file final21.tsv (TSV, C-alpha atoms)
chain	number	residue	atom	x	y	z
A	1	MET	CA	-185.27	84.27	151.19
A	2	TYR	CA	-183.58	85.29	147.94
A	3	ASN	CA	-182.75	88.68	149.44
A	4	TYR	CA	-181.19	86.99	152.51
A	5	GLU	CA	-183.98	88.33	154.74
A	6	HIS	CA	-184.38	84.95	156.39
A	7	ARG	CA	-186.01	86.10	159.63
A	8	GLU	CA	-188.75	87.87	157.68
A	9	ALA	CA	-189.16	84.86	155.41
A	10	LYS	CA	-189.67	82.60	158.43
A	11	GLN	CA	-192.36	84.92	159.77
A	12	TYR	CA	-194.28	84.79	156.49
A	13	PHE	CA	-194.05	81.02	156.17
A	14	ARG	CA	-195.09	80.64	159.82
A	15	GLN	CA	-198.27	82.53	158.90
A	16	VAL	CA	-198.85	80.06	156.06
A	17	MET	CA	-198.39	77.16	158.47
A	18	ASP	CA	-200.84	78.70	160.94
A	19	GLN	CA	-203.48	79.34	158.27
A	20	TYR	CA	-203.09	75.98	156.49
A	21	PRO	CA	-201.73	73.53	159.10
A	22	ALA	CA	-202.46	70.42	157.02
A	23	HIS	CA	-200.76	71.70	153.86
A	24	PRO	CA	-197.01	70.93	153.59
A	25	ALA	CA	-196.02	74.07	151.63
A	26	GLY	CA	-195.63	76.34	154.63
A	27	SER	CA	-193.71	73.73	156.60
A	28	LEU	CA	-191.33	72.99	153.72
A	29	LEU	CA	-190.52	76.62	152.98
A	30	PHE	CA	-190.31	77.51	156.66
A	31	GLY	CA	-187.71	74.75	156.93
A	32	VAL	CA	-185.67	76.11	154.03
A	33	ALA	CA	-185.77	79.64	155.47
A	34	ASP	CA	-184.75	78.33	158.90
A	35	TRP	CA	-181.88	76.37	157.34
A	36	MET	CA	-180.57	79.49	155.58
A	37	LEU	CA	-180.91	81.56	158.76
A	38	VAL	CA	-179.05	79.01	160.88
A	39	ARG	CA	-176.30	78.74	158.26
A	40	GLY	CA	-175.65	82.45	158.67
A	41	THR	CA	-175.92	82.53	162.46
A	42	HIS	CA	-174.41	79.18	163.52
A	43	GLY	CA	-172.56	77.75	160.49
A	44	VAL	CA	-172.90	74.91	158.00
A	45	THR	CA	-172.99	71.90	160.35
A	46	ALA	CA	-175.74	73.34	162.54
A	47	SER	CA	-177.73	74.39	159.49
A	48	GLU	CA	-177.68	70.85	158.06
A	49	GLU	CA	-179.06	69.49	161.35
A	50	THR	CA	-181.80	72.13	161.24
A	51	LEU	CA	-182.63	71.41	157.62
A	52	LEU	CA	-182.89	67.68	158.20
A	53	VAL	CA	-185.29	68.10	161.13
A	54	ARG	CA	-187.46	70.68	159.35
A	55	ILE	CA	-187.65	68.77	156.08
A	56	GLN	CA	-188.54	65.52	157.84
A	57	GLU	CA	-191.40	67.40	159.50
A	58	ALA	CA	-192.55	68.60	156.07
A	59	ALA	CA	-192.28	65.09	154.59
A	60	GLU	CA	-194.43	63.73	157.42
A	61	LEU	CA	-197.12	66.27	156.51
A	62	CYS	CA	-196.88	65.42	152.81
A	63	LYS	CA	-197.80	61.74	153.14
A	64	PRO	CA	-201.29	62.16	154.71
A	65	TYR	CA	-201.91	65.22	152.54
A	66	VAL	CA	-201.46	63.37	149.23
A	67	GLN	CA	-203.47	60.42	150.57
A	68	LYS	CA	-206.38	62.77	151.16
A	69	ASN	CA	-205.72	64.84	148.00
A	70	PRO	CA	-204.34	62.38	145.42
A	71	ASP	CA	-205.05	64.73	142.51
A	72	ASP	CA	-203.20	67.72	143.95
A	73	VAL	CA	-200.17	68.08	141.72
A	74	TYR	CA	-198.45	70.46	144.12
A	75	GLY	CA	-198.92	68.03	147.00
A	76	TRP	CA	-196.94	65.37	145.13
A	77	LEU	CA	-194.39	67.94	143.98
A	78	LEU	CA	-193.79	69.13	147.55
A	79	TYR	CA	-193.53	65.52	148.72
A	80	GLY	CA	-190.85	64.84	146.14
A	81	MET	CA	-189.01	68.06	146.98
A	82	SER	CA	-188.94	67.24	150.70
A	83	LEU	CA	-187.38	63.85	150.02
A	84	GLY	CA	-185.00	65.36	147.49
A	85	ILE	CA	-183.76	67.90	150.03
A	86	GLN	CA	-183.15	65.08	152.49
A	87	ALA	CA	-181.04	63.42	149.78
A	88	ARG	CA	-179.07	66.66	149.44
A	89	VAL	CA	-178.16	66.56	153.14
A	90	ASP	CA	-177.28	62.87	152.87
A	91	LEU	CA	-174.92	63.51	149.97
A	92	ALA	CA	-173.30	66.48	151.70
A	93	ARG	CA	-172.55	64.13	154.61
A	94	LYS	CA	-171.38	61.40	152.21
A	95	HIS	CA	-174.21	59.08	153.27
A	96	TRP	CA	-174.46	57.62	149.79
A	97	ILE	CA	-177.01	54.84	150.39
A	98	ALA	CA	-179.41	57.08	152.30
A	99	GLY	CA	-178.97	59.73	149.61
A	100	ALA	CA	-179.80	57.24	146.87
A	101	ILE	CA	-182.91	56.03	148.73
A	102	HIS	CA	-184.24	59.50	149.46
A	103	GLY	CA	-183.37	60.67	145.96
A	104	TYR	CA	-185.17	57.75	144.29
A	105	ARG	CA	-188.23	58.11	146.54
A	106	GLY	CA	-188.28	61.84	145.86
A	107	ILE	CA	-188.20	61.53	142.08
A	108	THR	CA	-190.98	58.90	142.10
A	109	LYS	CA	-193.20	61.40	143.93
A	110	VAL	CA	-192.34	64.12	141.45
A	111	LYS	CA	-193.21	61.73	138.62
A	112	LYS	CA	-196.66	61.35	140.21
A	113	ALA	CA	-197.01	65.11	139.84
A	114	GLU	CA	-195.79	64.85	136.25
A	115	GLN	CA	-198.46	62.25	135.50
A	116	LEU	CA	-201.12	64.65	136.78
A	117	ASP	CA	-199.87	67.67	134.79
A	118	SER	CA	-196.72	67.19	132.72
A	119	GLU	CA	-196.96	70.71	131.27
A	120	LEU	CA	-197.02	72.50	134.63
A	121	ALA	CA	-193.90	74.66	134.70
A	122	ASP	CA	-193.16	74.07	138.40
A	123	VAL	CA	-193.18	70.32	137.78
A	124	GLN	CA	-190.79	70.81	134.88
A	125	LEU	CA	-188.41	72.59	137.26
A	126	ALA	CA	-187.99	69.41	139.31
A	127	MET	CA	-187.93	67.07	136.31
A	128	GLY	CA	-185.58	69.35	134.38
A	129	ALA	CA	-183.02	69.40	137.19
A	130	PHE	CA	-183.24	65.60	137.47
A	131	HIS	CA	-183.00	64.97	133.73
A	132	TYR	CA	-180.00	67.30	133.38
A	133	TYR	CA	-178.24	65.61	136.31
A	134	VAL	CA	-178.81	62.12	134.90
A	135	GLY	CA	-177.72	63.24	131.44
A	136	MET	CA	-174.41	64.64	132.68
A	137	SER	CA	-173.69	61.66	134.94
A	138	GLY	CA	-171.56	58.68	134.09
A	139	ALA	CA	-172.69	55.55	132.29
A	140	LEU	CA	-173.18	53.62	135.56
A	141	LEU	CA	-175.68	56.06	137.03
A	142	GLN	CA	-177.50	56.33	133.72
A	143	THR	CA	-177.79	52.54	133.54
A	144	VAL	CA	-179.05	52.30	137.12
A	145	SER	CA	-181.57	55.07	136.43
A	146	ARG	CA	-182.92	53.22	133.39
A	147	LEU	CA	-183.31	50.06	135.46
A	148	PHE	CA	-185.67	52.03	137.71
A	149	GLY	CA	-187.54	53.41	134.72
A	150	LEU	CA	-185.89	56.83	135.04
A	151	HIS	CA	-184.02	58.46	132.20
A	152	GLY	CA	-183.19	61.85	130.79
A	153	THR	CA	-180.76	63.93	128.77
A	154	MET	CA	-179.02	67.22	129.38
A	155	GLU	CA	-180.83	68.78	126.42
A	156	GLN	CA	-184.20	67.63	127.75
A	157	GLY	CA	-183.38	68.95	131.21
A	158	ARG	CA	-182.26	72.31	129.89
A	159	LYS	CA	-185.50	72.77	127.90
A	160	GLU	CA	-187.62	71.90	130.94
A	161	LEU	CA	-185.66	74.29	133.16
A	162	GLN	CA	-186.03	77.07	130.59
A	163	HIS	CA	-189.79	76.49	130.47
A	164	ALA	CA	-189.93	76.58	134.29
A	165	ALA	CA	-187.89	79.79	134.40
A	166	GLU	CA	-190.13	81.56	131.91
A	167	ASN	CA	-193.48	80.21	133.11
A	168	GLY	CA	-193.13	78.93	136.67
A	169	ARG	CA	-195.62	80.11	139.26
A	170	TYR	CA	-193.47	79.39	142.30
A	171	GLY	CA	-190.25	77.96	140.91
A	172	SER	CA	-189.27	80.56	138.31
A	173	GLN	CA	-186.42	82.14	140.30
A	174	GLU	CA	-185.00	78.75	141.28
A	175	ALA	CA	-185.05	77.67	137.64
A	176	TRP	CA	-183.20	80.83	136.62
A	177	SER	CA	-180.63	80.16	139.36
A	178	ILE	CA	-180.04	76.62	138.13
A	179	LEU	CA	-179.73	77.76	134.52
A	180	MET	CA	-177.23	80.43	135.58
A	181	TYR	CA	-175.17	77.75	137.32
A	182	ILE	CA	-175.37	75.34	134.36
A	183	ASN	CA	-174.45	77.97	131.78
A	184	GLY	CA	-171.65	79.49	133.82
A	185	TYR	CA	-169.91	76.41	135.18
A	186	LEU	CA	-171.11	73.06	133.84
A	187	GLU	CA	-171.19	74.41	130.29
A	188	ASP	CA	-169.23	77.18	128.63
A	189	HIS	CA	-172.07	79.64	128.05
A	190	VAL	CA	-170.77	82.39	130.31
A	191	GLN	CA	-172.43	85.21	128.38
A	192	GLU	CA	-175.85	83.66	129.00
A	193	ALA	CA	-174.97	83.06	132.65
A	194	LEU	CA	-174.00	86.72	133.02
A	195	LYS	CA	-177.28	87.82	131.46
A	196	ILE	CA	-179.21	85.75	134.02
A	197	SER	CA	-177.05	86.95	136.93
A	198	ARG	CA	-177.70	90.58	136.00
A	199	ARG	CA	-181.41	89.86	135.94
A	200	LEU	CA	-181.23	88.23	139.36
A	201	THR	CA	-179.14	90.99	140.98
A	202	SER	CA	-181.70	93.46	139.68
A	203	GLU	CA	-184.61	91.51	141.18
A	204	PHE	CA	-182.78	90.58	144.42
A	205	PRO	CA	-180.28	93.38	145.07
A	206	ASN	CA	-179.56	92.22	148.64
A	207	SER	CA	-178.41	88.74	147.62
A	208	PRO	CA	-174.62	88.39	148.02
A	209	TYR	CA	-174.80	85.05	146.19
A	210	TYR	CA	-176.03	86.61	142.94
A	211	TRP	CA	-173.51	89.46	143.13
A	212	ALA	CA	-170.65	87.00	143.65
A	213	MET	CA	-171.79	84.97	140.65
A	214	ARG	CA	-172.19	88.06	138.50
A	215	GLY	CA	-168.68	89.27	139.28
A	216	ASP	CA	-167.21	85.88	138.46
A	217	PHE	CA	-168.86	85.84	135.04
A	218	GLU	CA	-167.80	89.42	134.28
A	219	PHE	CA	-164.19	88.55	135.04
A	220	ALA	CA	-164.46	85.39	132.91
A	221	LEU	CA	-165.55	87.54	129.98
A	222	GLY	CA	-162.79	90.07	130.58
A	223	ASP	CA	-165.04	92.98	131.62
A	224	THR	CA	-162.77	94.07	134.45
A	225	MET	CA	-164.41	97.46	135.03
A	226	ALA	CA	-167.90	95.98	135.40
A	227	ALA	CA	-166.53	93.20	137.62
A	228	LYS	CA	-164.79	95.74	139.89
A	229	ASN	CA	-168.10	97.59	140.31
A	230	THR	CA	-169.84	94.30	141.11
A	231	LEU	CA	-167.16	93.47	143.68
A	232	ASP	CA	-167.79	96.85	145.31
A	233	SER	CA	-171.54	96.10	145.44
A	234	LEU	CA	-170.82	92.76	147.11
A	235	ARG	CA	-168.56	94.39	149.69
A	236	GLU	CA	-171.28	96.89	150.58
A	237	LEU	CA	-173.65	94.04	151.48
A	238	ILE	CA	-171.24	92.06	153.67
A	239	PRO	CA	-171.41	94.16	156.90
A	240	GLY	CA	-175.22	93.70	157.05
A	241	LEU	CA	-175.07	89.90	156.79
A	242	ASP	CA	-175.20	87.41	159.64
A	243	ARG	CA	-171.85	86.33	161.06
A	244	PHE	CA	-171.13	83.22	159.03
A	245	TYR	CA	-172.39	84.80	155.82
A	246	GLN	CA	-169.97	87.65	156.48
A	247	LEU	CA	-167.16	85.09	156.59
A	248	GLU	CA	-168.41	83.20	153.54
A	249	TYR	CA	-168.95	86.22	151.32
A	250	GLY	CA	-165.92	88.03	152.67
A	251	ASN	CA	-164.03	85.06	151.30
A	252	LYS	CA	-165.91	85.36	147.99
A	253	ALA	CA	-164.75	88.99	147.88
A	254	THR	CA	-161.19	87.73	148.40
A	255	TYR	CA	-161.67	85.39	145.43
A	256	LEU	CA	-162.93	88.18	143.19
A	257	SER	CA	-160.08	90.40	144.39
A	258	GLY	CA	-157.69	87.66	143.27
A	259	LEU	CA	-159.27	87.68	139.82
A	260	LEU	CA	-158.99	91.47	139.72
A	261	ALA	CA	-155.28	91.28	140.61
A	262	PHE	CA	-154.75	88.73	137.83
A	263	HIS	CA	-156.45	90.91	135.22
A	264	ARG	CA	-154.36	93.87	136.37
A	265	GLN	CA	-151.23	91.66	135.98
A	266	TYR	CA	-150.38	91.64	139.69
A	267	TYR	CA	-149.66	87.93	139.59
A	268	GLN	CA	-148.05	87.48	143.01
A	269	ASP	CA	-151.01	89.24	144.62
A	270	ALA	CA	-153.40	87.10	142.60
A	271	ILE	CA	-151.75	83.89	143.81
A	272	ALA	CA	-151.81	85.00	147.44
A	273	LEU	CA	-155.49	86.04	147.34
A	274	LEU	CA	-156.66	82.96	145.44
A	275	GLN	CA	-154.76	80.63	147.76
A	276	GLN	CA	-156.35	82.38	150.73
A	277	TYR	CA	-159.75	81.75	149.17
A	278	ILE	CA	-158.96	78.07	148.58
A	279	ASP	CA	-157.72	77.62	152.16
A	280	GLU	CA	-160.77	79.32	153.75
A	281	ASN	CA	-163.50	78.08	151.42
A	282	ILE	CA	-166.47	76.37	153.14
A	283	ASP	CA	-168.83	76.02	150.18
A	284	GLU	CA	-169.42	72.33	149.45
A	285	TYR	CA	-170.79	72.88	145.93
A	286	ASP	CA	-168.30	75.47	144.77
A	287	PHE	CA	-166.85	75.92	141.30
A	288	HIS	CA	-165.14	79.14	142.36
A	289	GLY	CA	-162.51	76.98	144.06
A	290	LEU	CA	-161.76	75.25	140.75
A	291	ASN	CA	-161.54	78.55	138.92
A	292	ALA	CA	-159.29	79.93	141.66
A	293	ARG	CA	-156.84	77.10	140.92
A	294	ILE	CA	-157.05	77.76	137.18
A	295	ILE	CA	-156.27	81.45	137.60
A	296	ALA	CA	-153.56	80.75	140.17
A	297	GLY	CA	-152.02	78.31	137.66
A	298	LYS	CA	-152.10	80.94	134.93
A	299	SER	CA	-150.48	83.41	137.32
A	300	TYR	CA	-147.65	80.95	137.96
A	301	LEU	CA	-147.19	80.59	134.20
A	302	GLU	CA	-146.91	84.37	133.85
A	303	LEU	CA	-144.18	84.25	136.51
A	304	ASN	CA	-142.39	81.48	134.56
A	305	ARG	CA	-143.09	78.82	137.20
A	306	PRO	CA	-144.70	76.04	135.13
A	307	ASP	CA	-144.20	73.27	137.69
A	308	GLU	CA	-146.34	75.08	140.26
A	309	ALA	CA	-148.90	75.89	137.58
A	310	GLN	CA	-149.21	72.22	136.67
A	311	VAL	CA	-149.99	71.27	140.29
A	312	HIS	CA	-153.11	73.46	140.16
A	313	PHE	CA	-154.14	72.35	136.67
A	314	ARG	CA	-153.80	68.66	137.55
A	315	GLU	CA	-156.01	69.03	140.60
A	316	VAL	CA	-158.80	70.59	138.54
A	317	ALA	CA	-158.31	68.16	135.64
A	318	ALA	CA	-158.83	65.21	138.02
A	319	GLU	CA	-162.31	66.39	139.07
A	320	GLN	CA	-165.10	63.89	138.42
A	321	ILE	CA	-167.81	66.44	137.62
A	322	PRO	CA	-167.51	67.88	134.10
A	323	SER	CA	-167.16	71.66	133.99
A	324	ARG	CA	-165.67	74.38	131.84
A	325	MET	CA	-162.86	74.66	134.43
A	326	ARG	CA	-162.01	70.96	134.08
A	327	SER	CA	-161.94	71.28	130.30
A	328	GLU	CA	-159.68	74.33	130.52
A	329	ALA	CA	-157.33	72.60	132.98
A	330	ARG	CA	-156.94	69.62	130.66
A	331	GLN	CA	-156.26	71.93	127.72
A	332	MET	CA	-153.63	73.83	129.73
A	333	LEU	CA	-151.90	70.59	130.73
A	334	GLN	CA	-151.91	69.38	127.16
A	335	SER	CA	-150.36	72.62	125.92
A	336	LEU	CA	-147.65	72.43	128.62
A	337	GLU	CA	-146.80	68.87	127.66
call {"tool": "encode", "arguments": {"input": "final21.tsv", "output": "structure tokens"}}
result
Amino acid sequence: MYNYEHREAKQYFRQVMDQYPAHPAGSLLFGVADWMLVRGTHGVTASEETLLVRIQEAAELCKPYVQKNPDDVYGWLLYGMSLGIQARVDLARKHWIAGAIHGYRGITKVKKAEQLDSELADVQLAMGAFHYYVGMSGALLQTVSRLFGLHGTMEQGRKELQHAAENGRYGSQEAWSILMYINGYLEDHVQEALKISRRLTSEFPNSPYYWAMRGDFEFALGDTMAAKNTLDSLRELIPGLDRFYQLEYGNKATYLSGLLAFHRQYYQDAIALLQQYIDENIDEYDFHGLNARIIAGKSYLELNRPDEAQVHFREVAAEQIPSRMRSEARQMLQSLE
């Protein structure tokens, strides 16, 4: 799956399902692989429908499995993950109540796993992601979480994710991916994010996602030569991808090309490329779009067009989710004022 070989991944997980029909692991991972395959072949909307059906099937297997095996920590962990993935689809569709219900049910199942083995690294992956999310959320969500007996801090979540990355049996790569995302976008630890992205592109050289991330971090740190080489590596992968992934990562290449134009001081070209990326972007959880606006705004400033720059900065500054891009946009607006 991490190498975007989704058909092969489905075949392997189908074998797991055939060998262990009562265990939910094969069904859950088969569903994730199928979701990623359909996203590339039929697009985002079709893939969400597929994911919802597959994950519901996995959740239905989880319930009788944990009833028969109440001490199986992985059974509870998989149960929680299946409900959590359903919450992800709900939130993507803006079904807030359903998302809250599935999310709460999912975390209660994961906490069952935590009660059985709190030191298990794969459990800490799930709890770490939850604790970090609660810690970075607003006061209202934190208060609601405490009312349900759920709490956490960003520092606690980061430590748990680091432990999962270094020691996880099944969840290590996912933990590294989350830490890369946190360091590179939610926090301003781009050097650490780059280090992780280089590790992941080495382990999964056919993943366009990791190459796109790596290039973004290299540009952020001003290493234009390395970023150009990374962009070339991404472009080499695109023709071998499924149709919709070709469109998605072709657009990521456009974004990185816009950053390259900016660093080479071709500001008009940078604006045109970054605006093309913004207009064609389909990624629902994308911080590249925010950074594209930041760099476009800086390009307008270089062209002595501050009013147009402020339009981009204000849009990023108004974002609800804290990020290094939001902080930079607010600083840029303050300096312009």
call {"tool": "residues_around", "arguments": {"input": "final21.tsv", "residues": "Asp232 of chain A", "least_positions_apart": "6", "cutoff": "12 Å", "atoms": "only C-alpha atoms", "output": "PyMOL selection string"}}
result
chain A and resi 208+211-212+214-215+225-226+238+250+252-254+256-257+260
call {"tool": "closest_residue", "arguments": {"input": "final21.tsv", "among": "A:Glu114, A:Glu57, A:Glu308, A:Glu48", "to": "Arg88 of chain A", "atoms": "only C-alpha atoms"}}
result
A:Glu48
call {"tool": "residues_around", "arguments": {"input": "final21.tsv", "residues": "Glu60 of chain A", "least_positions_apart": "3", "cutoff": "12 Å", "atoms": "all atoms listed in the file", "output": "short mmCIF file (atom, residue, chain, number, x, y, z; two decimals) with C-alpha atoms, in the coordinates of the input"}}
result
data_model
loop_
_atom_site.label_atom_id
_atom_site.label_comp_id
_atom_site.auth_asym_id
_atom_site.auth_seq_id
_atom_site.Cartn_x
_atom_site.Cartn_y
_atom_site.Cartn_z
CA ALA A 22 -202.46 70.42 157.02
CA HIS A 23 -200.76 71.70 153.86
CA PRO A 24 -197.01 70.93 153.59
CA ALA A 25 -196.02 74.07 151.63
CA SER A 27 -193.71 73.73 156.60
CA LEU A 28 -191.33 72.99 153.72
CA VAL A 53 -185.29 68.10 161.13
CA ARG A 54 -187.46 70.68 159.35
CA ILE A 55 -187.65 68.77 156.08
CA GLN A 56 -188.54 65.52 157.84
CA GLU A 57 -191.40 67.40 159.50
CA LYS A 63 -197.80 61.74 153.14
CA PRO A 64 -201.29 62.16 154.71
CA TYR A 65 -201.91 65.22 152.54
CA VAL A 66 -201.46 63.37 149.23
CA GLN A 67 -203.47 60.42 150.57
CA LEU A 78 -193.79 69.13 147.55
CA TYR A 79 -193.53 65.52 148.72
CA GLY A 80 -190.85 64.84 146.14
CA SER A 82 -188.94 67.24 150.70
CA LEU A 83 -187.38 63.85 150.02
#
call {"tool": "atom_distance", "arguments": {"input": "final21.tsv", "atom1": "atom CA of Tyr104 of chain A", "atom2": "atom CA of Val32 of chain A"}}
result
20.8 Å
call {"tool": "atom_distance", "arguments": {"input": "final21.tsv", "atom1": "atom CA of Leu29 of chain A", "atom2": "atom CA of Ser233 of chain A"}}
result
28.2 Å
call {"tool": "residues_around", "arguments": {"input": "final21.tsv", "residues": "segment 289-294 of chain A", "least_positions_apart": "5", "cutoff": "12 Å", "atoms": "all atoms listed in the file", "output": "PyMOL selection string"}}
result
chain A and resi 184-186+216-217+219-220+251-252+254-260+262+270-284+299-301+308-319+321-333
call {"tool": "atom_distance", "arguments": {"input": "final21.tsv", "atom1": "atom CA of Met136 of chain A", "atom2": "atom CA of Leu120 of chain A"}}
result
24.0 Å
call {"tool": "closest_residue", "arguments": {"input": "final21.tsv", "among": "A:Gln156, A:Asn167, A:Ser202, A:Gln162", "to": "Tyr2 of chain A", "atoms": "only C-alpha atoms"}}
result
A:Ser202
call {"tool": "closest_residue", "arguments": {"input": "final21.tsv", "among": "A:Thr153, A:Thr50, A:Gln19, A:Gln124", "to": "Glu174 of chain A", "atoms": "only C-alpha atoms"}}
result
A:Gln124
call {"tool": "closest_residue", "arguments": {"input": "final21.tsv", "among": "A:Lys195, A:Arg158, A:Gln265, A:Ser207", "to": "Thr224 of chain A", "atoms": "only C-alpha atoms"}}
result
A:Gln265
call {"tool": "closest_residue", "arguments": {"input": "final21.tsv", "among": "A:Asp242, A:Glu160, A:Glu337, A:Asn304", "to": "Val38 of chain A", "atoms": "all atoms listed in the file"}}
result
A:Asp242
call {"tool": "residues_around", "arguments": {"input": "final21.tsv", "residues": "Lys111 of chain A", "least_positions_apart": "3", "cutoff": "12 Å", "atoms": "only C-alpha atoms", "output": "short mmCIF file (atom, residue, chain, number, x, y, z; two decimals) with C-alpha atoms, in the coordinates of the input"}}
result
data_model
loop_
_atom_site.label_atom_id
_atom_site.label_comp_id
_atom_site.auth_asym_id
_atom_site.auth_seq_id
_atom_site.Cartn_x
_atom_site.Cartn_y
_atom_site.Cartn_z
CA VAL A 73 -200.17 68.08 141.72
CA TYR A 74 -198.45 70.46 144.12
CA GLY A 75 -198.92 68.03 147.00
CA TRP A 76 -196.94 65.37 145.13
CA LEU A 77 -194.39 67.94 143.98
CA LEU A 78 -193.79 69.13 147.55
CA TYR A 79 -193.53 65.52 148.72
CA GLY A 80 -190.85 64.84 146.14
CA MET A 81 -189.01 68.06 146.98
CA TYR A 104 -185.17 57.75 144.29
CA ARG A 105 -188.23 58.11 146.54
CA GLY A 106 -188.28 61.84 145.86
CA ILE A 107 -188.20 61.53 142.08
CA THR A 108 -190.98 58.90 142.10
CA GLU A 114 -195.79 64.85 136.25
CA GLN A 115 -198.46 62.25 135.50
CA LEU A 116 -201.12 64.65 136.78
CA ASP A 117 -199.87 67.67 134.79
CA SER A 118 -196.72 67.19 132.72
CA VAL A 123 -193.18 70.32 137.78
CA GLN A 124 -190.79 70.81 134.88
CA LEU A 125 -188.41 72.59 137.26
CA ALA A 126 -187.99 69.41 139.31
CA MET A 127 -187.93 67.07 136.31
CA GLY A 128 -185.58 69.35 134.38
CA PHE A 130 -183.24 65.60 137.47
CA HIS A 131 -183.00 64.97 133.73
CA GLY A 149 -187.54 53.41 134.72
CA LEU A 150 -185.89 56.83 135.04
CA HIS A 151 -184.02 58.46 132.20
#
call {"tool": "closest_residue", "arguments": {"input": "final21.tsv", "among": "A:Ala121, A:Leu336, A:Val89, A:Ala261", "to": "Ala46 of chain A", "atoms": "all atoms listed in the file"}}
result
A:Val89
call {"tool": "residues_around", "arguments": {"input": "final21.tsv", "residues": "His6 of chain A", "least_positions_apart": "3", "cutoff": "10 Å", "atoms": "all atoms listed in the file", "output": "MDAnalysis selection string"}}
result
chainID A and resid 1:3 9:12 30 32:38 40
call {"tool": "decode", "arguments": {"input": "final21.tsv", "residues": "segment 306-317 of chain A", "atoms": "N, CA and C atoms", "output": "PDB file, in the first residue's frame"}}
result
ATOM      1  N   PRO A 306       1.150  44.777  -3.070  1.00  0.00           N
ATOM      2  CA  PRO A 306       0.811  44.358  -1.705  1.00  0.00           C
ATOM      3  C   PRO A 306      -0.666  44.050  -1.497  1.00  0.00           C
ATOM      4  N   ASP A 307      -1.555  44.719  -2.228  1.00  0.00           N
ATOM      5  CA  ASP A 307      -2.981  44.464  -2.040  1.00  0.00           C
ATOM      6  C   ASP A 307      -3.329  43.021  -2.415  1.00  0.00           C
ATOM      7  N   GLU A 308      -2.779  42.549  -3.526  1.00  0.00           N
ATOM      8  CA  GLU A 308      -3.028  41.169  -3.939  1.00  0.00           C
ATOM      9  C   GLU A 308      -2.364  40.176  -2.992  1.00  0.00           C
ATOM     10  N   ALA A 309      -1.216  40.550  -2.456  1.00  0.00           N
ATOM     11  CA  ALA A 309      -0.542  39.691  -1.471  1.00  0.00           C
ATOM     12  C   ALA A 309      -1.411  39.525  -0.226  1.00  0.00           C
ATOM     13  N   GLN A 310      -1.999  40.624   0.225  1.00  0.00           N
ATOM     14  CA  GLN A 310      -2.805  40.572   1.445  1.00  0.00           C
ATOM     15  C   GLN A 310      -4.035  39.661   1.283  1.00  0.00           C
ATOM     16  N   VAL A 311      -4.596  39.603   0.097  1.00  0.00           N
ATOM     17  CA  VAL A 311      -5.745  38.719  -0.136  1.00  0.00           C
ATOM     18  C   VAL A 311      -5.364  37.275   0.196  1.00  0.00           C
ATOM     19  N   HIS A 312      -4.201  36.843  -0.256  1.00  0.00           N
ATOM     20  CA  HIS A 312      -3.746  35.476   0.011  1.00  0.00           C
ATOM     21  C   HIS A 312      -3.422  35.286   1.498  1.00  0.00           C
ATOM     22  N   PHE A 313      -2.734  36.244   2.078  1.00  0.00           N
ATOM     23  CA  PHE A 313      -2.355  36.112   3.488  1.00  0.00           C
ATOM     24  C   PHE A 313      -3.597  36.064   4.389  1.00  0.00           C
ATOM     25  N   ARG A 314      -4.595  36.884   4.080  1.00  0.00           N
ATOM     26  CA  ARG A 314      -5.802  36.909   4.916  1.00  0.00           C
ATOM     27  C   ARG A 314      -6.534  35.573   4.857  1.00  0.00           C
ATOM     28  N   GLU A 315      -6.565  34.972   3.689  1.00  0.00           N
ATOM     29  CA  GLU A 315      -7.267  33.691   3.568  1.00  0.00           C
ATOM     30  C   GLU A 315      -6.606  32.625   4.429  1.00  0.00           C
ATOM     31  N   VAL A 316      -5.287  32.596   4.439  1.00  0.00           N
ATOM     32  CA  VAL A 316      -4.568  31.612   5.266  1.00  0.00           C
ATOM     33  C   VAL A 316      -4.689  31.967   6.744  1.00  0.00           C
ATOM     34  N   ALA A 317      -4.608  33.249   7.067  1.00  0.00           N
ATOM     35  CA  ALA A 317      -4.679  33.684   8.463  1.00  0.00           C
ATOM     36  C   ALA A 317      -6.019  33.359   9.096  1.00  0.00           C
TER      37      ALA A 317
END
